[in-house]
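Working notes, beginning with the structure itself.
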Amino acid sequence: MNVKLHRKEKIHTDLLIVGAGPAGLAAALAAASAAEKPGLQIDIVDDNISSGGQIWRGGAHEQKDARARDCWNSLINLSNVRFHFQSKVVHSRSSPTGSTVLLENRNGAQDFHAKKMILATGARELFLPFPGWTLPGVSGAGGLQALAKNAYPVQGKRIVVAGTGPLLMAVAASLIERGAVVTHILEQSTHLNLAQFALSLLATPSKISQGIKLGLTLRKIHYHANSYVLSAHGTQKLQHIRAHINGRVQEIACDFLACGYHLIPNTELAAGMGCALDESSNHPRVEVNQWQETSLEHVYCAGEGTGVGGVDLALVEGEIAGLAATGQIKQAQALFNRRSHWKKFSARLEKYFHLRSELRHLSQADTLVCRCEDVRYDQLQDQSDWRSAKLHTRCGMGACQGRICGAACSHLFAWTKDAARLPFSATRIASLLEDTHTDSV
Ligand SMILES: Cc1cc2nc3c(=O)[nH]c(=O)nc-3n(C[C@H](O)[C@H](O)[C@H](O)COP(=O)(O)OP(=O)(O)OC[C@H]3O[C@@H](n4cnc5c(N)ncnc54)[C@H](O)[C@@H]3O)c2cc1C
């Protein structure tokens, strides 16, 4: 059946930035400084209700970090910069003249045509399944932090923060700030790795002062290296966990467990558009050249999508992408040293918080791995790869489209996830019908 649909007029823009986290904001500000292009139109879209991404959640203007406030205050006064919040990119195609993007928000859908695009879509947490991980009260580490930042009540609640990486300390500190009683931090990395990481911070003095501040906030908390959660227990909701704490198994009573095993780049949008990915490690990242340009001409990527490295790396990558995308080559080049400095920090994070092999063997036969489609661990054990798992068990075919279980399976079984499919996320049929690519149904 051929249906001709009425569409909203397409919006044309010079530069479309996806993601208003540190990388996206820095990119917008750098692009806006292209003095020789005063009429340059910049559009920034983000599915959150305000700017800031993960680390500056709640709005860049509200943060203690002056870089966030400065960035926001400069951008908000520019007439050629438009923000589109609560809007997600659900479909995008690239051509030699630019990219066509379908944006969905609660009022409907909107087509964009962008001469250039910067993807600054950030990262998400890696969840590894263990018995009881689907109990109410168990969440990601950054996940609980995000809920608490959005007024979810944690006051007086006993919380165990577990997983790996410096993020655990940041999460614990922000939960404490909101009145929670963080009883333990369980870090899977070894004492030796942590000591080496601490020593390596001499190369990044700003991280030492951050670490000291966090250490003071967390001074009364039991911080255990070489420790990880074995299982979570409770009848209706979480009541206690069993954990391997430096060689001994211990039970800890708690109301919440916030558990995340580092971050993985969000590559779906880039992959769906056809950008090449670097698949040399368990979790792919978007491949970029020195200008942060992807394998697609006119499409750039900055921030955690190119590899997880923290806010400082996201900021400088964003700046380089914004400058390069607007032809400010010399200014971009001047930032290369700063980028390589933070890339080294990123490499140290990867090295010292490498996940231990025991974490692959926590699931029992009946542990759910895909919680959208209720697929158990024993159903997956006999599958040869991700495709076979999908076809035989529906693993990864639910609402999250494998964003959670796909990454877990990469880690548990060393499977490579399929290429991203369009649309990138659950989308209203009406939006797709409005899309220029799909007007024939
Ligand atoms: C849950 C979580 C909590 C974290 N907490 C901390 C912390 O406390 N301290 C710390 O130092 N670091 C924290 N980090 C790490 C931190 O995210 C990074 O260091 C930094 O924010 C990276 O910036 P970014 O701009 O690359 O990505 P992000 O800040 O993640 O921003 C990406 C933005 O893109 C948007 N987006 C993605 N896809 C689409 C799409 N298709 N359409 C529209 N919008 C889209 C997202 O909504 C998001 O706002 C956290 C990370 C996560 C995942």
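In the structure tokens, chains take the letters A, B, ... in the order shown, each chain's residues start at 1, and ligands count up from 1 in the order shown.
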- Item | All residues 12 Å or closer to Ile264 in chain A, only C-alpha atoms, same chain fewer than 3 positions away omitted, as a PyMOL selection string | chain A and resi 121-127+260-261+267-268+281-286+303-310+350+403-404+406-408+410-411
- Task: Step by step, measure atom-to-atom distances between ligand 1 and each residue using only C-alpha atoms and all ligand atoms, keep those at most 8 Å, then write them as a ChimeraX atom specification.
- Result: /A:18-25,45-48,51-57,86-90,103,120-125,140-143,145-146,166-167,170-171,174,263,266,269,302-305,308-315,318,424-425
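Closest approach to Cys71 in chain A from the set A:Glu319, A:Leu147, A:Leu201, A:Asp418 is made by A:Glu319, with distances taken over only C-alpha atoms.
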- Record the distance separating CA of Ala243 in chain A and CA of Gly396 in chain A, expressed in Å with one decimal. 28.2 Å
- Task: Would you kindly return, as a PyMOL selection string, each protein, DNA or RNA residue with an atom no farther than 9 Å from any atom of Glu293 in chain A, considering only C-alpha atoms and excluding same-chain residues fewer than 6 positions away?
- Result: chain A and resi 118+287+299-302+321+324-325
Could you write out the selected residues, including C-alpha atoms, as a compact mmCIF listing (two decimals), in the first residue's frame?
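To be explicit, this is the file written out as again_10.txt:
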# COMPACT_ATOMS: atom_id res chain seq x y z
CA ILE A 118 28.80 15.60 15.54
CA GLU A 287 36.69 5.01 14.86
CA VAL A 299 30.17 13.04 10.46
CA TYR A 300 32.29 13.55 13.56
CA CYS A 301 32.26 11.80 16.92
CA ALA A 302 33.50 13.05 20.29
CA ALA A 321 35.31 18.13 16.65
CA ALA A 324 37.35 20.84 12.77
CA ALA A 325 33.74 20.63 11.60
- Would you list, as a PyMOL selection string, the residues of range 187-352 of chain A that end up in alpha helix (DSSP H) under DSSP run on this structure's backbone? chain A and resi 191-200+205-217+268-273+311-325+329-333+336-352
- Could you give me, as a list in words, the residues within 12 Å of His354 in chain A, counting only C-alpha atoms and dropping anything in the same chain fewer than 6 positions from it?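 My reading of the contact set: Gly163, Thr164, Gly165, Glu187, Gln188, Ser189, Thr190, Asn193, Leu194, Phe197, Asn226, Tyr261, His262, Leu263, Ser281, Asn282, Ala347, Arg348 and His411 of chain A.
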- Item | Distance of CA of Phe130 in chain A from CA of Val181 in chain A, expressed in Å to one decimal place |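 According to the coordinates, CA of Val181 in chain A and CA of Phe130 in chain A are separated by 23.7 Å.
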